[in-house]
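Next comes upload12.cif, a file with mmCIF, C-alpha atoms (C1' of nucleotides).
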data_run
loop_
_atom_site.label_atom_id
_atom_site.label_comp_id
_atom_site.auth_asym_id
_atom_site.auth_seq_id
_atom_site.Cartn_x
_atom_site.Cartn_y
_atom_site.Cartn_z
CA MET A 1 12.30 -102.90 -69.51
CA PRO A 2 10.48 -104.11 -72.62
CA THR A 3 11.22 -101.42 -75.15
CA ASP A 4 7.78 -101.46 -76.60
CA ILE A 5 6.07 -98.93 -78.77
CA PRO A 6 2.32 -99.10 -79.38
CA THR A 7 1.69 -100.23 -82.95
CA ASP A 8 -0.15 -97.13 -84.06
CA LEU A 9 2.55 -94.83 -82.69
CA ASP A 10 5.15 -96.94 -84.42
CA ASP A 11 3.23 -96.74 -87.68
CA GLU A 12 2.79 -93.00 -87.43
CA ILE A 13 6.52 -92.56 -86.91
CA ALA A 14 7.26 -94.86 -89.82
CA VAL A 15 5.10 -92.69 -92.04
CA LEU A 16 6.75 -89.47 -90.91
CA LEU A 17 10.19 -90.89 -91.54
CA ARG A 18 9.32 -92.32 -94.93
CA ARG A 19 7.79 -89.03 -95.94
CA ALA A 20 11.15 -87.39 -95.14
CA GLU A 21 13.05 -90.10 -96.99
CA GLN A 22 14.55 -91.36 -93.81
CA ARG A 23 14.80 -94.97 -92.70
CA TYR A 24 13.25 -96.34 -89.57
CA THR A 25 16.26 -98.31 -88.42
CA THR A 26 16.58 -100.44 -85.31
CA GLY A 27 18.62 -97.79 -83.56
CA ARG A 28 15.99 -95.16 -84.24
CA ARG A 29 13.24 -97.45 -83.05
CA ARG A 30 15.09 -98.11 -79.82
CA LEU A 31 15.58 -94.40 -79.35
CA VAL A 32 11.89 -93.73 -79.86
CA ALA A 33 11.08 -96.52 -77.40
CA ALA A 34 13.30 -94.96 -74.75
CA LEU A 35 11.57 -91.62 -75.17
CA HIS A 36 8.16 -93.23 -75.12
CA ASN A 37 8.98 -95.18 -71.97
CA GLY A 38 10.35 -92.24 -70.04
CA GLU A 39 8.00 -90.08 -68.04
CA GLY A 40 8.78 -86.59 -69.09
CA PRO A 41 11.55 -85.35 -71.34
CA LEU A 42 14.85 -87.21 -71.04
CA THR A 43 18.43 -86.04 -71.02
CA LEU A 44 21.03 -87.71 -73.17
CA GLY A 45 22.27 -89.46 -70.06
CA GLN A 46 18.84 -90.84 -69.26
CA ILE A 47 18.43 -92.10 -72.80
CA MET A 48 21.82 -93.77 -72.70
CA ALA A 49 20.96 -95.32 -69.35
CA ALA A 50 17.82 -96.81 -70.89
CA GLU A 51 19.66 -97.98 -74.01
CA PRO A 52 23.30 -98.38 -73.04
CA THR A 53 24.38 -100.05 -76.25
CA LEU A 54 23.35 -97.19 -78.49
CA PRO A 55 26.43 -95.11 -79.26
CA GLN A 56 26.29 -91.54 -78.11
CA SER A 57 27.03 -90.04 -81.50
CA SER A 58 24.23 -91.98 -83.14
CA VAL A 59 21.79 -90.96 -80.43
CA TYR A 60 22.64 -87.31 -80.90
CA ARG A 61 22.51 -87.57 -84.65
CA ASN A 62 19.20 -89.38 -84.65
CA LEU A 63 17.65 -87.04 -82.14
CA THR A 64 18.50 -84.20 -84.47
CA ILE A 65 17.02 -86.01 -87.45
CA LEU A 66 13.90 -87.01 -85.56
CA GLU A 67 13.49 -83.43 -84.46
CA GLU A 68 13.73 -82.14 -88.03
CA VAL A 69 11.11 -84.63 -89.08
CA GLY A 70 8.82 -83.56 -86.26
CA ILE A 71 8.94 -86.73 -84.20
CA VAL A 72 11.00 -85.39 -81.33
CA THR A 73 11.04 -82.08 -79.50
CA ARG A 74 14.19 -80.80 -77.96
CA ILE A 75 13.78 -78.64 -74.88
CA VAL A 76 16.31 -76.80 -72.79
CA THR A 77 14.95 -76.09 -69.35
CA ASN A 78 17.82 -74.25 -67.72
CA GLY A 79 20.45 -76.74 -66.79
CA ASP A 80 23.44 -77.64 -68.80
CA PHE A 81 21.94 -80.21 -71.09
CA ALA A 82 19.02 -80.52 -73.41
CA ARG A 83 16.09 -82.86 -72.91
CA TYR A 84 14.15 -84.71 -75.55
CA GLU A 85 10.59 -85.99 -75.76
CA LEU A 86 8.21 -87.23 -78.41
CA ALA A 87 6.57 -84.34 -80.24
CA GLU A 88 3.07 -83.33 -79.25
CA ASN A 89 1.60 -84.57 -82.56
CA LEU A 90 2.46 -88.03 -81.33
CA THR A 91 1.46 -87.63 -77.71
CA GLU A 92 -0.76 -85.04 -76.12
CA HIS A 93 -0.47 -81.37 -75.40
CA HIS A 94 1.12 -80.98 -72.00
CA HIS A 95 3.37 -78.80 -69.88
CA HIS A 96 6.34 -79.29 -67.60
CA LEU A 97 6.95 -79.21 -63.89
CA ILE A 98 10.60 -78.26 -63.58
CA CYS A 99 12.32 -78.86 -60.27
CA THR A 100 14.78 -76.05 -59.74
CA ASN A 101 16.58 -78.16 -57.16
CA CYS A 102 17.28 -81.51 -58.82
CA GLY A 103 16.55 -80.46 -62.39
CA ASP A 104 14.04 -83.20 -63.04
CA VAL A 105 11.15 -82.53 -65.37
CA ALA A 106 7.68 -84.08 -65.21
CA ASP A 107 4.61 -83.64 -67.36
CA PHE A 108 1.23 -82.19 -66.46
CA SER A 109 -1.83 -80.94 -68.30
CA LEU A 110 -4.35 -78.18 -67.88
CA SER A 111 -8.06 -78.47 -68.42
CA GLY A 112 -9.34 -77.71 -71.88
CA ARG A 113 -11.13 -74.72 -70.48
CA VAL A 114 -7.98 -73.10 -69.15
CA GLU A 115 -6.10 -74.00 -72.31
CA SER A 116 -8.58 -72.24 -74.51
CA THR A 117 -8.71 -69.16 -72.30
CA LEU A 118 -4.97 -69.09 -72.59
CA ASP A 119 -4.94 -69.67 -76.32
CA ARG A 120 -7.37 -66.83 -76.91
CA ALA A 121 -5.30 -64.45 -74.79
CA LEU A 122 -2.10 -65.52 -76.50
CA ALA A 123 -3.59 -65.13 -79.96
CA GLU A 124 -4.61 -61.61 -79.04
CA SER A 125 -1.13 -60.71 -77.72
CA ALA A 126 0.47 -62.21 -80.80
CA ARG A 127 -1.72 -60.21 -83.15
CA THR A 128 -0.84 -56.99 -81.34
CA ALA A 129 2.84 -57.72 -81.83
CA GLY A 130 2.53 -58.80 -85.45
CA PHE A 131 3.66 -62.24 -84.38
CA THR A 132 2.39 -65.43 -86.00
CA PRO A 133 2.07 -68.06 -83.29
CA THR A 134 2.51 -71.75 -83.88
CA ALA A 135 2.68 -73.16 -80.36
CA HIS A 136 2.99 -72.24 -76.75
CA ARG A 137 5.13 -73.56 -73.98
CA LEU A 138 4.29 -73.33 -70.32
CA ASP A 139 6.52 -74.45 -67.48
CA LEU A 140 5.95 -74.45 -63.78
CA LEU A 141 9.13 -73.92 -61.77
CA GLY A 142 9.50 -75.03 -58.19
CA THR A 143 10.42 -77.97 -56.02
CA CYS A 144 9.38 -81.51 -56.84
CA ALA A 145 7.92 -83.95 -54.34
CA ASP A 146 11.26 -85.74 -53.87
CA CYS A 147 13.13 -82.54 -53.08
CA GLY A 148 10.48 -81.72 -50.50
CA MET B 1 22.98 -44.91 -76.53
CA PRO B 2 22.95 -43.31 -73.05
CA THR B 3 23.45 -46.24 -70.75
CA ASP B 4 21.11 -44.97 -68.14
CA ILE B 5 19.43 -46.76 -65.31
CA PRO B 6 16.50 -45.19 -63.45
CA THR B 7 17.62 -44.15 -60.00
CA ASP B 8 15.23 -46.34 -58.08
CA LEU B 9 16.19 -49.40 -60.10
CA ASP B 10 19.83 -48.59 -59.54
CA ASP B 11 19.23 -48.24 -55.81
CA GLU B 12 17.33 -51.48 -55.61
CA ILE B 13 20.16 -53.30 -57.33
CA ALA B 14 22.69 -51.67 -55.04
CA VAL B 15 20.77 -52.96 -52.04
CA LEU B 16 20.55 -56.49 -53.42
CA LEU B 17 24.26 -56.56 -54.11
CA ARG B 18 25.25 -55.13 -50.75
CA ARG B 19 23.00 -57.63 -49.03
CA ALA B 20 24.96 -60.39 -50.79
CA GLU B 21 28.30 -58.75 -49.90
CA GLN B 22 28.96 -57.96 -53.51
CA ARG B 23 30.15 -54.67 -54.91
CA TYR B 24 28.29 -52.59 -57.44
CA THR B 25 31.24 -51.86 -59.70
CA THR B 26 31.27 -49.86 -62.89
CA GLY B 27 31.40 -52.96 -65.03
CA ARG B 28 28.37 -54.41 -63.28
CA ARG B 29 26.46 -51.16 -63.65
CA ARG B 30 27.21 -51.07 -67.35
CA LEU B 31 26.04 -54.64 -67.65
CA VAL B 32 22.80 -53.84 -65.87
CA ALA B 33 22.32 -50.82 -68.10
CA ALA B 34 22.71 -52.95 -71.22
CA LEU B 35 20.10 -55.38 -69.98
CA HIS B 36 17.78 -52.56 -68.99
CA ASN B 37 18.14 -50.89 -72.38
CA GLY B 38 17.51 -54.01 -74.43
CA GLU B 39 13.99 -54.95 -75.31
CA GLY B 40 13.68 -58.53 -74.31
CA PRO B 41 16.36 -60.89 -73.06
CA LEU B 42 19.79 -60.45 -74.63
CA THR B 43 22.40 -62.91 -75.77
CA LEU B 44 26.00 -62.53 -74.76
CA GLY B 45 26.67 -61.19 -78.24
CA GLN B 46 23.99 -58.54 -77.93
CA ILE B 47 25.34 -57.46 -74.57
CA MET B 48 28.85 -57.22 -75.97
CA ALA B 49 27.53 -55.25 -78.92
CA ALA B 50 25.97 -52.76 -76.52
CA GLU B 51 29.07 -52.58 -74.33
CA PRO B 52 32.01 -53.56 -76.52
CA THR B 53 34.67 -52.67 -74.00
CA LEU B 54 33.48 -55.05 -71.34
CA PRO B 55 35.57 -58.20 -71.52
CA GLN B 56 33.67 -61.35 -72.25
CA SER B 57 34.92 -63.22 -69.23
CA SER B 58 33.81 -60.47 -66.89
CA VAL B 59 30.41 -60.29 -68.49
CA TYR B 60 29.89 -64.00 -68.05
CA ARG B 61 31.18 -63.94 -64.50
CA ASN B 62 29.03 -60.99 -63.53
CA LEU B 63 25.94 -62.39 -65.18
CA THR B 64 26.37 -65.48 -63.05
CA ILE B 65 26.82 -63.44 -59.90
CA LEU B 66 23.89 -61.17 -60.68
CA GLU B 67 21.79 -64.23 -61.28
CA GLU B 68 22.71 -65.74 -57.93
CA VAL B 69 21.81 -62.50 -56.24
CA GLY B 70 18.45 -62.43 -58.01
CA ILE B 71 19.08 -59.43 -60.24
CA VAL B 72 19.33 -61.27 -63.52
CA THR B 73 17.46 -64.21 -64.99
CA ARG B 74 19.14 -66.53 -67.41
CA ILE B 75 16.89 -68.13 -69.97
CA VAL B 76 17.63 -70.68 -72.61
CA THR B 77 15.02 -70.62 -75.32
CA ASN B 78 16.21 -73.27 -77.73
CA GLY B 79 19.08 -71.96 -79.70
CA ASP B 80 22.70 -72.42 -78.90
CA PHE B 81 23.18 -69.62 -76.45
CA ALA B 82 21.59 -68.36 -73.30
CA ARG B 83 19.83 -65.04 -72.95
CA TYR B 84 19.79 -62.74 -69.96
CA GLU B 85 17.30 -60.22 -68.64
CA LEU B 86 16.64 -58.32 -65.45
CA ALA B 87 14.76 -60.45 -62.94
CA GLU B 88 11.03 -59.95 -62.59
CA ASN B 89 11.38 -58.47 -59.09
CA LEU B 90 13.03 -55.53 -60.80
CA THR B 91 10.80 -55.28 -63.82
CA GLU B 92 7.35 -56.69 -64.38
CA HIS B 93 5.94 -60.13 -64.85
CA HIS B 94 5.98 -60.88 -68.57
CA HIS B 95 6.34 -63.61 -71.14
CA HIS B 96 8.27 -64.17 -74.33
CA LEU B 97 7.52 -64.23 -78.02
CA ILE B 98 10.16 -66.50 -79.47
CA CYS B 99 10.74 -66.41 -83.20
CA THR B 100 11.58 -69.91 -84.34
CA ASN B 101 13.05 -68.51 -87.51
CA CYS B 102 15.53 -65.82 -86.44
CA GLY B 103 15.71 -66.74 -82.76
CA ASP B 104 14.85 -63.29 -81.52
CA VAL B 105 12.90 -62.92 -78.30
CA ALA B 106 10.49 -60.11 -77.40
CA ASP B 107 8.41 -59.48 -74.29
CA PHE B 108 4.66 -59.42 -73.89
CA SER B 109 2.17 -59.51 -71.02
CA LEU B 110 -1.19 -61.03 -70.35
CA SER B 111 -4.07 -59.36 -68.59
CA GLY B 112 -4.29 -59.78 -64.84
CA ARG B 113 -7.47 -61.75 -65.34
CA VAL B 114 -5.85 -64.37 -67.55
CA GLU B 115 -2.80 -64.49 -65.29
CA SER B 116 -4.86 -65.30 -62.25
CA THR B 117 -6.93 -67.91 -64.07
CA LEU B 118 -3.66 -69.46 -65.06
CA ASP B 119 -2.15 -69.22 -61.60
CA ARG B 120 -5.13 -70.91 -60.03
CA ALA B 121 -5.02 -73.74 -62.55
CA LEU B 122 -1.28 -74.14 -62.12
CA ALA B 123 -1.54 -74.19 -58.33
CA GLU B 124 -4.09 -76.95 -58.60
CA SER B 125 -1.93 -79.02 -60.96
CA ALA B 126 1.07 -78.52 -58.73
CA ARG B 127 -0.78 -79.67 -55.63
CA THR B 128 -1.90 -82.83 -57.41
CA ALA B 129 1.70 -83.63 -58.26
CA GLY B 130 3.10 -82.78 -54.84
CA PHE B 131 5.03 -80.00 -56.46
CA THR B 132 5.75 -76.67 -54.73
CA PRO B 133 5.58 -73.94 -57.36
CA THR B 134 7.60 -70.76 -57.21
CA ALA B 135 7.11 -69.28 -60.67
CA HIS B 136 5.79 -69.99 -64.11
CA ARG B 137 7.19 -69.41 -67.52
CA LEU B 138 5.14 -69.02 -70.66
CA ASP B 139 6.51 -68.67 -74.16
CA LEU B 140 4.76 -68.19 -77.43
CA LEU B 141 6.58 -69.78 -80.36
CA GLY B 142 6.12 -68.66 -83.91
CA THR B 143 7.33 -66.18 -86.49
CA CYS B 144 8.10 -62.58 -85.63
CA ALA B 145 6.96 -59.58 -87.66
CA ASP B 146 10.36 -59.23 -89.35
CA CYS B 147 10.42 -62.84 -90.48
CA GLY B 148 6.96 -62.36 -91.92
"C1'" DA C 1 43.87 -38.90 -47.96
"C1'" DC C 2 46.99 -43.33 -46.98
"C1'" DC C 3 47.37 -48.36 -46.07
"C1'" DA C 4 46.45 -52.79 -45.64
"C1'" DA C 5 43.02 -56.26 -46.59
"C1'" DT C 6 39.83 -58.06 -49.60
"C1'" DA C 7 37.19 -58.44 -53.77
"C1'" DA C 8 36.87 -57.76 -58.83
"C1'" DT C 9 39.00 -57.72 -63.27
"C1'" DG C 10 40.86 -59.44 -67.77
"C1'" DA C 11 43.32 -62.44 -70.96
"C1'" DG C 12 43.84 -66.75 -71.90
"C1'" DA C 13 43.46 -71.76 -70.94
"C1'" DA C 14 40.31 -75.47 -69.70
"C1'" DT C 15 35.72 -77.78 -69.75
"C1'" DC C 16 32.18 -80.38 -71.57
"C1'" DA C 17 27.75 -80.96 -74.16
"C1'" DT C 18 27.08 -81.35 -78.76
"C1'" DT C 19 28.62 -81.82 -83.85
"C1'" DT C 20 31.21 -83.39 -87.35
"C1'" DC C 21 34.29 -86.79 -89.90
"C1'" DC C 22 34.90 -90.74 -92.41
"C1'" DA C 23 35.66 -95.55 -93.07
"C1'" DA C 24 32.87 -99.66 -92.19
"C1'" DA C 25 28.22 -101.79 -91.93
"C1'" DA C 26 23.38 -102.08 -93.07
"C1'" DG C 27 19.32 -101.23 -95.93
"C1'" DT C 28 17.13 -100.65 -100.52
"C1'" DC C 29 16.00 -101.59 -105.21
"C1'" DC C 30 16.38 -103.97 -109.44
"C1'" DG D 1 23.08 -111.26 -105.58
"C1'" DG D 2 25.17 -106.85 -106.61
"C1'" DA D 3 25.57 -101.98 -107.07
"C1'" DC D 4 24.01 -97.93 -104.79
"C1'" DT D 5 22.65 -95.10 -101.06
"C1'" DT D 6 21.96 -94.28 -96.24
"C1'" DT D 7 23.24 -95.10 -91.57
"C1'" DT D 8 26.39 -96.25 -88.09
"C1'" DG D 9 30.12 -95.72 -84.52
"C1'" DG D 10 34.39 -94.28 -82.68
"C1'" DA D 11 37.17 -90.61 -82.33
"C1'" DA D 12 38.37 -85.82 -83.27
"C1'" DA D 13 36.59 -81.03 -83.62
"C1'" DT D 14 33.62 -77.22 -82.20
"C1'" DG D 15 32.05 -73.53 -79.44
"C1'" DA D 16 29.53 -71.48 -75.57
"C1'" DT D 17 30.64 -71.11 -70.99
"C1'" DT D 18 33.68 -71.53 -66.87
"C1'" DC D 19 37.95 -71.41 -64.53
"C1'" DT D 20 42.77 -69.62 -63.36
"C1'" DC D 21 45.69 -66.42 -61.58
"C1'" DA D 22 48.39 -62.37 -61.66
"C1'" DT D 23 47.02 -57.52 -61.72
"C1'" DT D 24 43.93 -53.79 -60.50
"C1'" DA D 25 40.16 -51.54 -58.03
"C1'" DT D 26 37.45 -50.94 -53.85
"C1'" DT D 27 36.61 -50.80 -49.02
"C1'" DG D 28 37.11 -49.60 -43.99
"C1'" DG D 29 39.93 -48.05 -40.45
"C1'" DT D 30 43.03 -44.44 -39.16
#

When written as structure tokens, how does the structure in this file appear?
Amino acid sequence: MPTDIPTDLDDEIAVLLRRAEQRYTTGRRRLVAALHNGEGPLTLGQIMAAEPTLPQSSVYRNLTILEEVGIVTRIVTNGDFARYELAENLTEHHHHLICTNCGDVADFSLSGRVESTLDRALAESARTAGFTPTAHRLDLLGTCADCG
Amino acid sequence: MPTDIPTDLDDEIAVLLRRAEQRYTTGRRRLVAALHNGEGPLTLGQIMAAEPTLPQSSVYRNLTILEEVGIVTRIVTNGDFARYELAENLTEHHHHLICTNCGDVADFSLSGRVESTLDRALAESARTAGFTPTAHRLDLLGTCADCG
DNA sequence: ACCAATAATGAGAATCATTTCCAAAAGTCC
DNA sequence: GGACTTTTGGAAATGATTCTCATTATTGGT
């Protein structure tokens, strides 16, 4: 479980934090590492399992700060707790497979062709509604491989 | 504010409830009416504003029951509270415009052509991941007309 | 319509993920 | 190194949602 972050990702995060006058402390780096290591967005419990010595209150606080700075995205799928992942600026545009049985969430991507068809259609719908879009979010609900 | 439900919708809901050995009481009908009247998914507060005499605990309890029966869908966009709307079986397939400023949620739809392009692409992604899809969920995030 | 049996209601208490407090520890800058 | 500012961590507070349980409504049989 080497909590490693690629150097360029680490640097990018350092810049974002500095720009917001926030420090890139050891605890925050370990938190980022846990998110980077996980496949798909993680619950608080999963983060704490990966980094058991980080205190809960600090994890919550830092997740909030990292979200404000644009390093972390908080998502609420449907269950009782939130999940956190690195923001798309720092990773790649992707979507989520949400298992309605066990609650687990995995990532997937669509082809660029489908994405742009979608983006065009969404832009059109937004314009009609006088809505200024900044991002979209697409989830597929169903049963994951483990839940058969 | 005539809390009216179209007869066929009302009948359909009655059938779903009876099938689940649940009663279609006055309180539940008023709850359904509030959801039907609202444009877009409503928070508990918005429901209570529309039907101030319904007690909170009953609203919560009935929302849960109606969700289990497949009459209501609970969605959590990102804020601190859940929102509720009539299930798609009873309405029409649609998506949500989520204002990241004021938190309000409005409905919109895509053309059948875009929807089927999307469905095909999603089915393919799901198969690759060994995932059995049952539905998809697509949100557009941004700023609503009111928030300029 | 009336009765017994069963399900739903309502007011408040309990739950639990998340936030907040604040004194102690760490980082920053000169 | 020292003063200053930010972060930390443990524990207490918050607040949306859920549960409890005595009371009330609804149903089906007669």

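Selecting chain B residues within 9 Å of chain D and counting only C-alpha atoms (C1' of nucleotides) yields B:Arg23, B:Thr25, B:Ser57, B:Tyr60, B:Arg61, B:Asp80, B:Phe81, B:Ala82.
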
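The closest residue to DA26 (chain C), picked from A:Pro133, A:Pro52, A:Pro6, A:Gly27 and counting only C-alpha atoms (C1' of nucleotides), is A:Gly27.
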
Could you superpose chain B on chain A by least squares over every Cα, matched in sequence order, and send it back as a short mmCIF file (atom, residue, chain, number, x, y, z; two decimals) with C-alpha atoms, in the coordinates of the input?
data_model
loop_
_atom_site.label_atom_id
_atom_site.label_comp_id
_atom_site.auth_asym_id
_atom_site.auth_seq_id
_atom_site.Cartn_x
_atom_site.Cartn_y
_atom_site.Cartn_z
CA MET B 1 12.20 -102.85 -69.33
CA PRO B 2 10.37 -104.04 -72.47
CA THR B 3 11.16 -101.36 -74.99
CA ASP B 4 7.77 -101.43 -76.56
CA ILE B 5 6.06 -98.92 -78.75
CA PRO B 6 2.31 -99.08 -79.39
CA THR B 7 1.70 -100.21 -82.94
CA ASP B 8 -0.15 -97.13 -84.06
CA LEU B 9 2.54 -94.84 -82.70
CA ASP B 10 5.16 -96.95 -84.42
CA ASP B 11 3.24 -96.75 -87.69
CA GLU B 12 2.80 -93.02 -87.44
CA ILE B 13 6.52 -92.58 -86.91
CA ALA B 14 7.27 -94.88 -89.82
CA VAL B 15 5.11 -92.72 -92.06
CA LEU B 16 6.76 -89.50 -90.92
CA LEU B 17 10.20 -90.92 -91.55
CA ARG B 18 9.35 -92.36 -94.94
CA ARG B 19 7.81 -89.06 -95.95
CA ALA B 20 11.16 -87.42 -95.15
CA GLU B 21 13.08 -90.15 -97.02
CA GLN B 22 14.57 -91.40 -93.81
CA ARG B 23 14.78 -94.99 -92.69
CA TYR B 24 13.24 -96.38 -89.54
CA THR B 25 16.25 -98.36 -88.39
CA THR B 26 16.59 -100.46 -85.28
CA GLY B 27 18.63 -97.82 -83.52
CA ARG B 28 16.00 -95.18 -84.22
CA ARG B 29 13.23 -97.46 -83.00
CA ARG B 30 15.10 -98.12 -79.79
CA LEU B 31 15.58 -94.41 -79.34
CA VAL B 32 11.89 -93.75 -79.85
CA ALA B 33 11.07 -96.51 -77.39
CA ALA B 34 13.29 -94.95 -74.74
CA LEU B 35 11.57 -91.61 -75.17
CA HIS B 36 8.16 -93.23 -75.12
CA ASN B 37 8.97 -95.16 -71.96
CA GLY B 38 10.34 -92.21 -70.02
CA GLU B 39 7.99 -90.05 -68.06
CA GLY B 40 8.77 -86.56 -69.12
CA PRO B 41 11.56 -85.33 -71.37
CA LEU B 42 14.86 -87.18 -71.04
CA THR B 43 18.44 -86.02 -71.03
CA LEU B 44 21.03 -87.68 -73.18
CA GLY B 45 22.27 -89.44 -70.06
CA GLN B 46 18.84 -90.82 -69.26
CA ILE B 47 18.43 -92.07 -72.80
CA MET B 48 21.82 -93.76 -72.67
CA ALA B 49 20.93 -95.28 -69.33
CA ALA B 50 17.81 -96.79 -70.88
CA GLU B 51 19.65 -97.98 -73.98
CA PRO B 52 23.29 -98.38 -73.00
CA THR B 53 24.37 -100.04 -76.21
CA LEU B 54 23.37 -97.19 -78.45
CA PRO B 55 26.44 -95.11 -79.21
CA GLN B 56 26.29 -91.54 -78.08
CA SER B 57 27.06 -90.07 -81.46
CA SER B 58 24.24 -91.99 -83.09
CA VAL B 59 21.80 -90.97 -80.42
CA TYR B 60 22.65 -87.32 -80.90
CA ARG B 61 22.53 -87.60 -84.66
CA ASN B 62 19.21 -89.41 -84.64
CA LEU B 63 17.67 -87.06 -82.13
CA THR B 64 18.51 -84.22 -84.48
CA ILE B 65 17.03 -86.03 -87.45
CA LEU B 66 13.91 -87.04 -85.57
CA GLU B 67 13.50 -83.46 -84.49
CA GLU B 68 13.74 -82.17 -88.04
CA VAL B 69 11.13 -84.68 -89.10
CA GLY B 70 8.83 -83.58 -86.29
CA ILE B 71 8.96 -86.75 -84.22
CA VAL B 72 11.01 -85.40 -81.35
CA THR B 73 11.05 -82.09 -79.53
CA ARG B 74 14.21 -80.79 -77.99
CA ILE B 75 13.77 -78.65 -74.92
CA VAL B 76 16.29 -76.79 -72.87
CA THR B 77 14.96 -76.05 -69.43
CA ASN B 78 17.82 -74.25 -67.76
CA GLY B 79 20.44 -76.72 -66.80
CA ASP B 80 23.45 -77.63 -68.82
CA PHE B 81 21.94 -80.21 -71.10
CA ALA B 82 19.02 -80.51 -73.42
CA ARG B 83 16.10 -82.85 -72.93
CA TYR B 84 14.16 -84.72 -75.57
CA GLU B 85 10.60 -85.98 -75.79
CA LEU B 86 8.21 -87.22 -78.43
CA ALA B 87 6.58 -84.35 -80.28
CA GLU B 88 3.07 -83.34 -79.30
CA ASN B 89 1.60 -84.57 -82.60
CA LEU B 90 2.46 -88.04 -81.37
CA THR B 91 1.48 -87.64 -77.76
CA GLU B 92 -0.74 -85.05 -76.14
CA HIS B 93 -0.45 -81.38 -75.45
CA HIS B 94 1.14 -80.99 -72.02
CA HIS B 95 3.38 -78.82 -69.92
CA HIS B 96 6.33 -79.29 -67.63
CA LEU B 97 6.97 -79.23 -63.91
CA ILE B 98 10.61 -78.27 -63.61
CA CYS B 99 12.34 -78.86 -60.30
CA THR B 100 14.80 -76.06 -59.75
CA ASN B 101 16.59 -78.16 -57.19
CA CYS B 102 17.31 -81.51 -58.87
CA GLY B 103 16.57 -80.45 -62.44
CA ASP B 104 14.07 -83.19 -63.08
CA VAL B 105 11.16 -82.53 -65.41
CA ALA B 106 7.70 -84.12 -65.24
CA ASP B 107 4.62 -83.65 -67.40
CA PHE B 108 1.25 -82.23 -66.49
CA SER B 109 -1.83 -80.96 -68.33
CA LEU B 110 -4.34 -78.22 -67.91
CA SER B 111 -8.05 -78.50 -68.47
CA GLY B 112 -9.35 -77.75 -71.93
CA ARG B 113 -11.14 -74.75 -70.51
CA VAL B 114 -7.99 -73.13 -69.16
CA GLU B 115 -6.10 -74.03 -72.33
CA SER B 116 -8.58 -72.25 -74.53
CA THR B 117 -8.72 -69.20 -72.29
CA LEU B 118 -4.98 -69.11 -72.58
CA ASP B 119 -4.96 -69.65 -76.33
CA ARG B 120 -7.39 -66.82 -76.89
CA ALA B 121 -5.34 -64.46 -74.75
CA LEU B 122 -2.12 -65.50 -76.46
CA ALA B 123 -3.62 -65.07 -79.93
CA GLU B 124 -4.64 -61.57 -78.98
CA SER B 125 -1.18 -60.68 -77.65
CA ALA B 126 0.44 -62.13 -80.73
CA ARG B 127 -1.75 -60.12 -83.08
CA THR B 128 -0.88 -56.92 -81.24
CA ALA B 129 2.80 -57.64 -81.72
CA GLY B 130 2.51 -58.70 -85.35
CA PHE B 131 3.63 -62.12 -84.31
CA THR B 132 2.37 -65.33 -85.96
CA PRO B 133 2.06 -67.97 -83.26
CA THR B 134 2.50 -71.67 -83.88
CA ALA B 135 2.68 -73.10 -80.37
CA HIS B 136 3.00 -72.20 -76.74
CA ARG B 137 5.13 -73.54 -73.98
CA LEU B 138 4.29 -73.34 -70.31
CA ASP B 139 6.52 -74.46 -67.48
CA LEU B 140 5.94 -74.48 -63.78
CA LEU B 141 9.12 -73.94 -61.77
CA GLY B 142 9.49 -75.07 -58.21
CA THR B 143 10.44 -78.01 -56.04
CA CYS B 144 9.41 -81.55 -56.87
CA ALA B 145 7.96 -84.02 -54.38
CA ASP B 146 11.31 -85.79 -53.94
CA CYS B 147 13.15 -82.58 -53.14
CA GLY B 148 10.49 -81.79 -50.57
#

Tell me the residues of chain A close to chain B, meaning within 6 Å using all atoms listed in the file, as a PyMOL selection string. chain A and resi 130-145

What does the file look like for those residues with C-alpha atoms, as a compact mmCIF listing (two decimals), in the frame of the given file?
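File part_26.txt, as written:
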# COMPACT_ATOMS: atom_id res chain seq x y z
CA GLY A 130 2.53 -58.80 -85.45
CA PHE A 131 3.66 -62.24 -84.38
CA THR A 132 2.39 -65.43 -86.00
CA PRO A 133 2.07 -68.06 -83.29
CA THR A 134 2.51 -71.75 -83.88
CA ALA A 135 2.68 -73.16 -80.36
CA HIS A 136 2.99 -72.24 -76.75
CA ARG A 137 5.13 -73.56 -73.98
CA LEU A 138 4.29 -73.33 -70.32
CA ASP A 139 6.52 -74.45 -67.48
CA LEU A 140 5.95 -74.45 -63.78
CA LEU A 141 9.13 -73.92 -61.77
CA GLY A 142 9.50 -75.03 -58.19
CA THR A 143 10.42 -77.97 -56.02
CA CYS A 144 9.38 -81.51 -56.84
CA ALA A 145 7.92 -83.95 -54.34

Tell me as a ChimeraX atom specification which residues belonging to chain C come within 12 Å of chain A, counting all atoms listed in the file. /C:16-21,26-28

One decimal, in Å: what's the spacing between CA of Asp4 (chain B) and CA of Ala33 (chain B)? 6.0 Å

How would you write, as a ChimeraX atom specification, the residues chosen by the PyMOL selection byres ((chain C and resi 9) around 8) on this structure? /B:58 /C:8,10 /D:24

Around all of region 2-7 of chain D's listed atoms, make the axis-aligned box with 8 Å on each side and tell me centre and edge lengths in Å to one decimal, as AutoDock Vina command-line options.
--center_x 23.8 --center_y -100.6 --center_z -99.3 --size_x 19.6 --size_y 28.6 --size_z 31.5

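Take the candidates B:Asn101, B:Gly112, B:Thr91, B:Ile65 and check each one against Glu39 (chain B) using all atoms listed in the file; the shortest distance goes to B:Thr91.
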
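Of the listed residues (B:Gly38, B:Gly45, B:Pro55, B:Gly70), B:Gly70 comes nearest to Arg19 (chain B); the distances count only C-alpha atoms.
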